[in-house]
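Structure data follow from target13.txt (compact mmCIF, C-alpha atoms):
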# COMPACT_ATOMS: atom_id res chain seq x y z
CA THR A 8 0.06 24.45 0.40
CA GLU A 9 1.96 21.21 -0.04
CA GLY A 10 0.36 17.89 -0.83
CA VAL A 11 -1.22 15.55 1.68
CA GLU A 12 1.45 13.03 2.67
CA SER A 13 -0.55 10.56 4.73
CA LEU A 14 -4.08 9.35 5.44
CA TYR A 15 -5.32 6.97 8.11
CA GLU A 16 -8.72 5.82 9.31
CA VAL A 17 -9.81 3.42 12.03
CA LYS A 18 -13.11 2.58 13.69
CA LEU A 19 -12.67 2.29 17.45
CA THR A 20 -14.48 -0.31 19.53
CA SER A 21 -16.80 2.49 20.68
CA GLY A 22 -17.95 2.95 17.08
CA VAL A 23 -16.16 6.31 16.75
CA ILE A 24 -14.44 6.74 13.38
CA VAL A 25 -11.10 8.54 13.49
CA THR A 26 -9.81 9.92 10.18
CA LEU A 27 -6.37 11.54 10.21
CA ALA A 28 -4.38 13.42 7.56
CA ALA A 29 -0.81 14.72 7.57
CA CYS A 30 -0.13 17.80 5.44
CA SER A 31 2.63 20.44 5.45
CA GLY A 32 4.14 19.13 8.67
CA ALA A 33 0.85 19.14 10.59
CA LEU A 34 -1.59 16.43 11.68
CA TYR A 35 -5.34 16.92 11.31
CA ARG A 36 -8.47 14.99 12.28
CA LEU A 37 -11.72 15.04 10.31
CA ILE A 38 -14.68 15.92 12.54
CA GLY A 39 -17.90 16.34 10.62
CA GLU A 40 -16.85 18.28 7.52
CA ASP A 41 -13.98 20.14 9.18
CA TRP A 42 -10.31 19.24 9.53
CA ILE A 43 -9.19 20.03 13.09
CA LEU A 44 -5.51 20.65 13.79
CA LEU A 45 -4.05 18.19 16.32
CA LYS A 46 -0.38 19.19 16.18
CA LYS A 47 2.03 21.00 13.87
CA GLY A 48 5.80 21.25 13.63
CA PHE A 49 6.47 17.80 12.19
CA THR A 50 9.00 17.20 9.44
CA VAL A 51 7.19 17.02 6.09
CA SER A 52 7.28 13.26 5.50
CA LYS A 53 5.12 10.16 5.39
CA PHE A 54 3.67 8.74 8.59
CA SER A 55 2.96 5.18 9.60
CA PHE A 56 -0.05 4.62 11.91
CA ILE A 57 -1.26 1.72 14.04
CA ASN A 58 -4.18 1.35 16.45
CA PHE A 59 -3.78 -0.51 19.74
CA LYS A 60 -6.50 -0.56 22.40
CA ASN A 61 -8.19 2.50 20.85
CA VAL A 62 -4.98 4.55 20.99
CA ILE A 63 -3.39 5.55 17.67
CA TYR A 64 0.41 5.47 17.53
CA PHE A 65 2.35 7.07 14.70
CA SER A 66 5.87 7.85 13.55
CA ASN A 67 7.69 9.12 10.45
CA GLY A 68 11.27 7.96 11.02
CA THR A 69 12.54 11.46 11.83
CA ASP A 70 10.47 13.10 14.57
CA ASP A 71 9.53 11.66 17.97
CA TYR A 72 7.15 8.73 18.16
CA HIS A 73 3.66 9.93 19.20
CA ASP A 74 0.25 8.68 20.20
CA TYR A 75 -3.25 10.12 19.90
CA ASP A 76 -5.89 9.06 22.38
CA VAL A 77 -9.42 10.28 21.65
CA ALA A 78 -10.42 9.68 25.29
CA ARG A 79 -7.79 12.18 26.43
CA GLU A 80 -9.36 15.08 24.57
CA ALA A 81 -12.06 15.65 27.20
CA LEU A 82 -9.52 15.67 30.05
CA ALA A 83 -6.70 18.17 29.65
CA GLY A 84 -6.83 19.04 25.98
CA ASN A 85 -3.57 17.16 25.44
CA LEU A 86 -4.38 15.86 22.00
CA VAL A 87 -1.06 14.32 20.96
CA THR A 88 1.72 12.97 23.22
CA ASN A 89 5.33 12.33 22.17
CA TYR A 90 7.69 9.65 23.53
CA PRO A 91 11.33 10.69 22.91
CA THR A 92 12.76 7.33 24.03
CA ALA A 93 10.57 5.27 21.68
CA PRO A 94 12.02 4.33 18.27
CA LYS A 95 11.77 6.94 15.53
CA ALA A 96 10.55 4.41 12.97
CA LYS A 97 9.30 4.82 9.40
CA TYR A 98 7.24 1.63 9.54
CA LEU A 99 4.91 0.42 12.30
CA MET A 100 2.88 -2.79 12.32
CA ILE A 101 0.95 -5.06 14.67
CA VAL A 102 0.87 -8.80 14.02
CA GLY A 103 -0.93 -11.04 16.49
CA VAL A 104 -0.17 -9.63 19.95
CA THR A 105 3.16 -8.00 19.07
CA ALA A 106 3.96 -4.55 17.66
CA TYR A 107 6.94 -3.98 15.36
CA ALA A 108 8.99 -0.91 14.43
CA LEU A 109 11.35 -0.79 11.43
CA GLY A 110 13.23 1.83 9.44
CA ILE A 111 14.54 3.36 12.62
CA LYS A 112 16.48 6.60 12.48
CA ASP A 113 20.28 6.10 12.46
CA SER A 114 19.88 2.32 12.21
CA LEU A 115 20.11 0.56 8.83
CA ASN A 116 18.02 -2.55 9.37
CA GLU A 117 17.22 -2.88 13.06
CA LEU A 118 13.84 -4.40 13.94
CA LYS A 119 12.38 -3.45 17.31
CA TYR A 120 9.33 -5.10 18.85
CA THR A 121 7.29 -5.21 22.04
CA ASN A 122 6.72 -8.04 24.42
CA ALA A 123 3.68 -10.15 23.60
CA ALA A 124 0.37 -8.55 24.62
CA PRO A 125 1.78 -5.32 26.12
CA THR A 126 -0.37 -2.89 28.08
CA ASP A 127 0.52 -0.10 25.63
CA LEU A 128 2.94 0.68 22.80
CA GLN A 129 4.97 3.41 24.46
CA ALA A 130 8.15 1.28 24.46
CA TYR A 131 9.71 -1.41 22.26
CA THR A 132 11.97 -3.45 24.52
CA ASN A 133 13.31 -6.08 22.10
CA ASN A 134 15.42 -5.81 18.96
CA GLU A 135 17.05 -7.85 16.20
CA PHE A 136 19.29 -6.84 13.31
CA ILE A 137 18.38 -8.13 9.85
CA TRP A 138 21.72 -8.72 8.18
CA ASP A 139 22.37 -9.42 4.53
CA ASP A 140 25.48 -11.41 3.57
CA ARG A 141 26.28 -9.15 0.63
CA SER A 142 25.92 -5.75 2.23
CA ARG A 143 24.31 -3.82 5.03
CA GLU A 144 21.09 -2.78 3.35
CA VAL A 145 18.51 -0.27 4.48
CA ALA A 146 15.15 -1.67 5.64
CA THR A 147 12.31 -0.78 3.27
CA GLY A 148 9.22 -2.46 4.73
CA MET A 149 7.55 -5.39 6.47
CA VAL A 150 4.34 -7.39 6.33
CA GLY A 151 2.57 -9.96 8.47
CA LEU A 152 2.61 -13.60 7.40
CA PRO A 153 0.51 -16.62 8.43
CA SER A 154 1.23 -18.03 11.92
CA ASP A 155 2.06 -14.50 13.21
CA ALA A 156 5.51 -14.44 11.60
CA ILE A 157 6.56 -11.44 9.50
CA ALA A 158 8.55 -10.72 6.35
CA VAL A 159 11.14 -7.96 6.56
CA PHE A 160 12.22 -6.34 3.30
CA LEU A 161 15.54 -4.67 2.67
CA GLU A 162 16.59 -2.86 -0.49
CA ASN A 163 17.63 -6.05 -2.32
CA SER A 164 16.59 -8.95 -0.10
CA ALA A 165 13.81 -10.27 2.12
CA TYR A 166 13.76 -12.27 5.35
CA TYR A 167 11.35 -14.48 7.28
CA VAL A 168 11.29 -13.42 10.94
CA ASP A 169 9.52 -15.22 13.78
CA THR A 170 9.90 -13.51 17.15
CA ILE A 171 7.75 -16.11 18.91
CA THR A 172 10.41 -18.81 18.69
CA ASN A 173 13.32 -18.97 21.12
CA PRO A 174 15.78 -18.04 19.79
CA VAL A 175 14.21 -15.71 17.22
CA THR A 176 14.10 -17.23 13.73
CA ILE A 177 15.60 -15.12 10.93
CA LYS A 178 16.16 -16.71 7.52
CA PRO A 179 16.25 -15.51 3.90
CA ILE A 180 13.08 -15.83 1.84
CA ASP A 181 13.36 -17.66 -1.47
CA TYR A 182 13.15 -14.45 -3.47
CA ASP A 183 16.01 -12.62 -5.15
CA GLY A 184 15.10 -9.01 -4.51
CA GLY A 185 13.73 -6.49 -2.05
CA CYS A 186 10.84 -4.03 -1.77
CA GLN A 187 10.95 -0.50 -3.14
CA SER A 188 8.16 1.02 -1.07
CA PHE A 189 6.55 0.09 2.24
CA ARG A 190 3.30 1.62 1.06
CA SER A 191 3.19 -0.75 -1.91
CA ILE A 192 2.73 -3.72 0.44
CA GLN A 193 -0.82 -5.04 0.81
CA ARG A 194 -2.16 -8.29 2.24
CA VAL A 195 -4.36 -10.15 -0.23
CA GLY A 196 -5.79 -13.21 1.51
CA ASN A 197 -2.79 -15.19 2.74
CA ASP A 198 -0.49 -13.56 0.18
CA ALA A 199 1.37 -10.25 0.25
CA PHE A 200 1.61 -8.04 -2.86
CA PHE A 201 4.52 -5.60 -3.11
CA LEU A 202 6.55 -3.60 -5.61
CA ALA A 203 10.15 -4.58 -6.29
CA GLU A 204 12.63 -2.95 -8.64
CA ASP A 205 11.59 -5.07 -11.59
CA ALA A 206 8.00 -6.19 -10.94
CA VAL A 207 4.99 -6.46 -8.66
CA TYR A 208 5.29 -9.71 -6.74
CA SER A 209 2.99 -11.93 -4.73
CA LEU A 210 4.67 -13.50 -1.69
CA SER A 211 2.94 -16.71 -0.62
CA GLN A 212 3.55 -19.72 1.54
CA ARG A 213 4.47 -22.84 -0.41
CA GLN A 214 1.87 -25.57 -0.36
CA ALA A 215 2.23 -28.31 2.25
CA THR A 216 4.94 -26.32 4.06
CA GLU A 217 5.20 -24.05 7.07
CA GLY A 218 7.52 -21.06 7.17
CA THR A 219 8.61 -21.54 3.54
CA PHE A 220 7.68 -18.77 1.13
CA GLY A 221 8.15 -18.05 -2.55
CA SER A 222 7.34 -15.16 -4.87
CA THR A 223 5.49 -14.89 -8.18
CA SER A 224 5.58 -11.96 -10.60
CA LEU A 225 2.17 -10.41 -11.36
CA SER A 226 3.24 -7.61 -13.65
CA ASP A 227 4.74 -8.94 -16.86
CA LYS A 228 2.13 -7.00 -18.88
CA ILE A 229 2.97 -3.67 -17.23
CA LEU A 230 6.73 -4.10 -16.98
CA PRO A 231 7.48 -1.22 -19.40
CA ILE A 232 5.46 1.14 -17.20
CA ILE A 233 7.30 0.08 -14.05
CA GLN A 234 10.66 0.47 -15.77
CA THR A 235 9.93 4.10 -16.68
CA GLY A 236 9.64 5.07 -13.00
CA SER A 237 12.56 7.15 -11.73
CA ASP A 238 11.80 6.79 -8.01
CA LEU A 239 9.75 3.75 -7.09
CA SER A 240 9.98 4.65 -3.39
CA THR A 241 7.10 7.11 -3.93
CA SER A 242 4.81 4.27 -5.03
CA ASN A 243 1.89 3.28 -2.84
CA ALA A 244 -0.88 0.72 -2.98
CA PHE A 245 -4.42 0.17 -1.73
CA ARG A 246 -6.76 -2.78 -1.35
CA GLY A 247 -10.19 -2.14 0.12
CA LYS A 248 -12.01 -4.42 2.51
CA ARG A 249 -15.46 -3.24 1.41
CA VAL A 250 -14.85 -1.16 -1.71
CA MET A 251 -13.40 -3.09 -4.65
CA PRO A 252 -11.88 -5.85 -2.48
CA ASN A 253 -10.80 -7.88 -5.51
CA HIS A 254 -8.51 -5.16 -6.80
CA TYR A 255 -4.97 -4.05 -5.96
CA TYR A 256 -4.39 -0.34 -6.70
CA LEU A 257 -0.79 0.71 -7.33
CA ASN A 258 0.08 4.41 -7.70
CA ILE A 259 3.39 4.84 -9.49
CA ASP A 260 5.52 7.54 -11.09
CA ASP A 261 5.75 6.64 -14.78
CA SER A 262 6.83 10.07 -16.04
CA ASN A 263 9.90 10.89 -13.92
CA SER A 264 7.88 13.51 -12.05
CA GLY A 265 9.11 12.57 -8.57
CA PHE A 266 5.60 11.64 -7.42
CA PRO A 267 2.91 9.13 -8.48
CA THR A 268 1.20 10.08 -11.73
CA THR A 269 -0.52 6.86 -12.79
CA CYS A 270 -2.74 4.32 -11.03
CA LEU A 271 -2.39 0.68 -12.09
CA VAL A 272 -5.25 -1.55 -10.94
CA TYR A 273 -4.85 -5.32 -10.81
CA ASN A 274 -8.03 -7.40 -10.96
CA ILE A 275 -7.22 -10.33 -8.72
CA ARG A 276 -9.90 -12.60 -10.18
CA LEU A 277 -9.17 -11.86 -13.83
CA GLN A 278 -5.41 -11.43 -13.32
CA ALA A 279 -5.53 -8.36 -15.55
CA TRP A 280 -4.23 -4.79 -15.21
CA THR A 281 -5.98 -1.49 -15.97
CA ARG A 282 -4.08 1.81 -16.25
CA TYR A 283 -5.63 5.11 -15.10
CA THR A 284 -3.79 8.32 -15.93
CA ASN A 285 -3.79 11.74 -14.24
CA ILE A 286 -4.14 10.33 -10.71
CA ALA A 287 -1.52 11.83 -8.38
CA ALA A 288 -1.96 10.06 -5.05
CA ASN A 289 0.46 9.91 -2.13
CA GLN A 290 -1.87 7.38 -0.48
CA MET A 291 -5.32 5.79 -0.79
CA ILE A 292 -7.56 4.60 2.03
CA GLU A 293 -11.10 3.36 2.52
CA HIS A 294 -13.31 5.99 4.18
CA GLU A 295 -16.62 5.38 5.96
CA ASP A 296 -18.97 8.37 5.98
CA SER A 297 -21.58 9.27 8.61
CA ASP A 298 -24.22 7.20 6.78
CA GLY A 299 -22.11 4.06 6.85
CA ASN A 300 -21.23 4.22 3.15
CA PHE A 301 -17.67 3.47 2.04
CA HIS A 302 -15.54 5.43 -0.41
CA ILE A 303 -11.98 5.39 -1.74
CA ILE A 304 -10.25 8.68 -0.95
CA ILE A 305 -6.77 9.78 -1.96
CA ALA A 306 -4.12 12.03 -0.47
CA ASN A 307 -3.56 14.33 -3.41
CA VAL A 308 0.01 15.24 -4.28
CA PHE A 309 -1.03 18.87 -4.90
CA SER A 310 -2.61 21.71 -2.91
CA GLY A 311 -3.42 19.91 0.32
CA GLN A 312 -6.48 18.28 -1.19
CA ILE A 313 -8.18 15.00 -0.39
CA LYS A 314 -10.26 13.61 -3.24
CA GLU A 315 -12.68 10.76 -3.77
CA ILE A 316 -12.41 8.24 -6.57
CA GLU A 317 -15.82 8.15 -8.21
CA LYS A 318 -17.64 4.92 -8.99
CA ASP A 319 -20.00 6.25 -11.69
CA PHE A 320 -19.85 5.81 -15.46
CA ASP A 321 -18.42 9.25 -16.26
CA ASP A 322 -15.95 11.77 -14.90
CA ASN A 323 -17.98 14.86 -13.94
CA GLY A 324 -20.23 14.31 -16.95
CA ILE A 325 -17.40 13.56 -19.37
CA GLY A 326 -17.23 10.10 -20.88
CA ILE A 327 -14.26 7.95 -19.88
CA PRO A 328 -12.33 6.60 -22.88
CA VAL A 329 -11.08 3.04 -22.43
CA ARG A 330 -8.89 0.95 -24.71
CA ILE A 331 -8.61 -2.81 -24.28
CA HIS A 332 -5.79 -4.70 -26.00
CA THR A 333 -6.20 -8.43 -26.57
CA GLY A 334 -3.32 -10.84 -26.93
CA GLU A 335 -1.59 -11.45 -30.23
CA MET A 336 -2.47 -14.71 -32.02
CA ASP A 337 -0.79 -16.40 -34.97
CA PHE A 338 -1.98 -19.99 -34.31
CA ASP A 339 1.68 -21.13 -34.55
CA ASP A 340 1.59 -20.39 -38.27
CA PRO A 341 1.91 -16.69 -39.21
CA THR A 342 1.45 -17.43 -42.93
CA LEU A 343 -1.84 -19.29 -42.48
CA PHE A 344 -4.94 -17.55 -43.90
CA LYS A 345 -7.39 -16.83 -41.06
CA VAL A 346 -11.03 -15.85 -41.10
CA ILE A 347 -12.69 -14.25 -38.01
CA ASN A 348 -16.48 -14.31 -38.24
CA GLU A 349 -17.43 -13.15 -34.74
CA CYS A 350 -16.06 -11.09 -31.89
CA ASP A 351 -17.59 -11.68 -28.45
CA ILE A 352 -17.21 -8.91 -25.87
CA SER A 353 -18.21 -9.54 -22.27
CA GLY A 354 -18.20 -7.23 -19.29
CA PHE A 355 -20.20 -4.68 -17.29
CA VAL A 356 -21.19 -1.90 -19.69
CA SER A 357 -23.51 1.06 -19.15
CA GLU A 358 -26.42 1.75 -21.52
CA THR A 359 -24.68 4.88 -22.82
CA ALA A 360 -21.39 3.18 -23.64
CA GLU A 361 -20.16 3.20 -27.23
CA ILE A 362 -17.91 0.36 -28.33
CA ASN A 363 -15.66 0.45 -31.39
CA VAL A 364 -13.79 -2.69 -32.43
CA THR A 365 -10.74 -2.65 -34.70
CA ASP A 366 -8.25 -5.32 -35.65
CA GLU A 367 -4.56 -4.81 -36.11
CA ILE A 368 -2.52 -6.87 -38.57
CA ASP A 369 1.24 -6.45 -38.80
CA GLY A 370 0.96 -3.17 -36.89
CA ASP A 371 -1.70 -1.59 -39.11
CA ASP A 372 -5.33 -0.91 -38.12
CA ASN A 373 -7.95 -2.43 -40.44

As structure tokens - that is how I would like this structure written.
Amino acid sequence: TEGVESLYEVKLTSGVIVTLAACSGALYRLIGEDWILLKKGFTVSKFSFINFKNVIYFSNGTDDYHDYDVAREALAGNLVTNYPTAPKAKYLMIVGVTAYALGIKDSLNELKYTNAAPTDLQAYTNNEFIWDDRSREVATGMVGLPSDAIAVFLENSAYYVDTITNPVTIKPIDYDGGCQSFRSIQRVGNDAFFLAEDAVYSLSQRQATEGTFGSTSLSDKILPIIQTGSDLSTSNAFRGKRVMPNHYYLNIDDSNSGFPTTCLVYNIRLQAWTRYTNIAANQMIEHEDSDGNFHIIIANVFSGQIKEIEKDFDDNGIGIPVRIHTGEMDFDDPTLFKVINECDISGFVSETAEINVTDEIDGDDN
């Protein structure tokens, strides 16, 4: 069995929770503790999902665009419906009252979108082409911005797009680069975090402006890890709304394996990164169980498995080793004799934790 490529969960206005998984070219829904087959025969690839008026629409950029309506199950047993004339898009998104489709099959950087407040998302009647002056680049992702505008990423550039204005506004964003993976994009407050070729960036609106955005690198401390990745397009990110909301999880291939092998977690408050090894996740989502408790679950790269990230102090009874590296300090005078009398360590530590402190001088432990 191949790995799980995609996960999606939404809570409908009726209170019904719909959890979907794509694996080995088939789409499944979790009902109770069982995964029920909805449809098979898809190309093995990553899906993009959106919910509109309690109907879930999805596409993978290769096969027909589909929808899944829970209310239709009790009628004719027609679980999933395809729409051959709709765009075969890799990336779907709803911002405000408009739905967008990007990464369309046989189209480099065409953006399609619906009319405002449509009755359904079975057709995208409007389109714009996002051109780059240097070359015709392939679209790699998009994200919603304040004031219902969007940012469209290409391989090596990014654009501000506002389809509400007449004519449509398309202008370059003040950022010299693109986005490597649509799944690396996560909204964090009014900012958007995403993975570029050289760093993780935060895209934010400049103060006292409207429609003017700039980017800031967040990943100087983990740059060597990012640079070891052979295919950053496999990277994916997660930010929970209820579980660990102050953290940005980035799954990345740092061993040239062709799939994510390491999870880098950015603490938004502390502006610090933590590296977790041996996590092979195609995607992470927040899952609500039948008791109303929330968990982080991952689409495992191997064996069609979906796993939960534990929140306890051990890993199946085995202690979790952690190493923390402080900054280097020479007080602007490397030859000065220094005396350190105390070392203060703060943080959330369990009663069973064991802490060892060492100092390193000129590369040698003391």

Quiz item: Residues at most 6 Å from Asn89 (chain A), counting all atoms listed in the file, excluding those fewer than 3 positions away in the same chain, as a PyMOL selection string?
Solution: chain A and resi 71-73

Self-check item: Best match for closeness to Gln212 (chain A) among A:Leu152, A:Ala306, A:Val175, A:Leu128, counting only C-alpha atoms
Solution: A:Leu152

Practice problem: Find the spatial neighbours of Phe309 (chain A), counting all atoms listed in the file, within a cut-off of 12 Å - ignore same-chain residues fewer than 3 positions away - and output them as number ranges by chain. | Solution: A: 8-12, 30-31, 266-268, 286-289, 305-306, 312-314

Quiz prompt | Exercise: Asn67 (chain A) partners within 6 Å, all atoms listed in the file, chain neighbours under 5 positions left out, as JSON, numbers by chain | solution = {"A": [53, 54, 97]}

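Here the question is which of A:Ala158, A:Val87, A:Leu277, A:Ile177 gets nearest to Phe200 (chain A) using only C-alpha atoms, and that residue is A:Ala158.
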
Quiz item: Residues around (-2.5, 3.0, -0.9), cut-off 8 Å, counting only C-alpha atoms - what are they as a PyMOL selection string?
Solution: chain A and resi 190-191+243-246+256-258+289-292

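Atom pair CA of Ile111 (chain A) / CA of Asp127 (chain A) has a distance of 19.4 Å (rounded to one decimal).
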
Self-check item: Nearby residues (all atoms listed in the file) at most 7 Å from Thr105 (chain A), same-chain spacing under 6 positions excluded, as a ChimeraX atom specification
Solution: /A:120-124

Residues within 8 Å of (14.1, -0.7, 3.4), file coordinates, counting all atoms listed in the file: what are they? Give the list as an mmCIF file with C-alpha atoms, in the coordinates of the input.
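Saved file result20.cif follows:
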data_model
loop_
_atom_site.group_PDB
_atom_site.id
_atom_site.type_symbol
_atom_site.label_atom_id
_atom_site.label_comp_id
_atom_site.auth_asym_id
_atom_site.auth_seq_id
_atom_site.Cartn_x
_atom_site.Cartn_y
_atom_site.Cartn_z
ATOM 1 C CA GLY A 110 13.230 1.830 9.440
ATOM 2 C CA ASN A 116 18.020 -2.550 9.370
ATOM 3 C CA GLU A 144 21.090 -2.780 3.350
ATOM 4 C CA VAL A 145 18.510 -0.270 4.480
ATOM 5 C CA ALA A 146 15.150 -1.670 5.640
ATOM 6 C CA THR A 147 12.310 -0.780 3.270
ATOM 7 C CA GLY A 148 9.220 -2.460 4.730
ATOM 8 C CA PHE A 160 12.220 -6.340 3.300
ATOM 9 C CA LEU A 161 15.540 -4.670 2.670
ATOM 10 C CA GLU A 162 16.590 -2.860 -0.490
ATOM 11 C CA GLY A 185 13.730 -6.490 -2.050
ATOM 12 C CA CYS A 186 10.840 -4.030 -1.770
ATOM 13 C CA GLN A 187 10.950 -0.500 -3.140
ATOM 14 C CA SER A 188 8.160 1.020 -1.070
ATOM 15 C CA PHE A 189 6.550 0.090 2.240
#

Self-check item: Gap from CA of Cys270 (chain A) to CA of Tyr255 (chain A) - Å, one decimal
Solution: 10.0 Å

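Relative to CA of Thr170 (chain A), CA of Asn133 (chain A) is found at 9.6 Å.
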
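When the distance limit is 9 Å and all atoms listed in the file are what count, the residues near Asp296 (chain A), minus those fewer than 5 positions from it on the same chain, are Ile24, Phe301 and His302 of chain A.
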
Taking every listed atom of region 91-108 of chain A and adding 3 Å to each side, what centre and edge lengths in Å (one decimal) does the axis-aligned box have, as AutoDock Vina command-line options?
--center_x 5.9 --center_y -0.2 --center_z 16.7 --size_x 19.7 --size_y 27.7 --size_z 20.6

Quiz prompt | Nearest residue to Glu295 (chain A) from the set A:Val159, A:Val25, A:Leu45, A:Ile192 (distances using only C-alpha atoms) | solution = A:Val25

Exercise. May I ask which of the residues A:Val23, A:Leu115, A:Leu202, A:Met149 is the closest one to Val77 (chain A), counting all atoms listed in the file?
Key: A:Val23
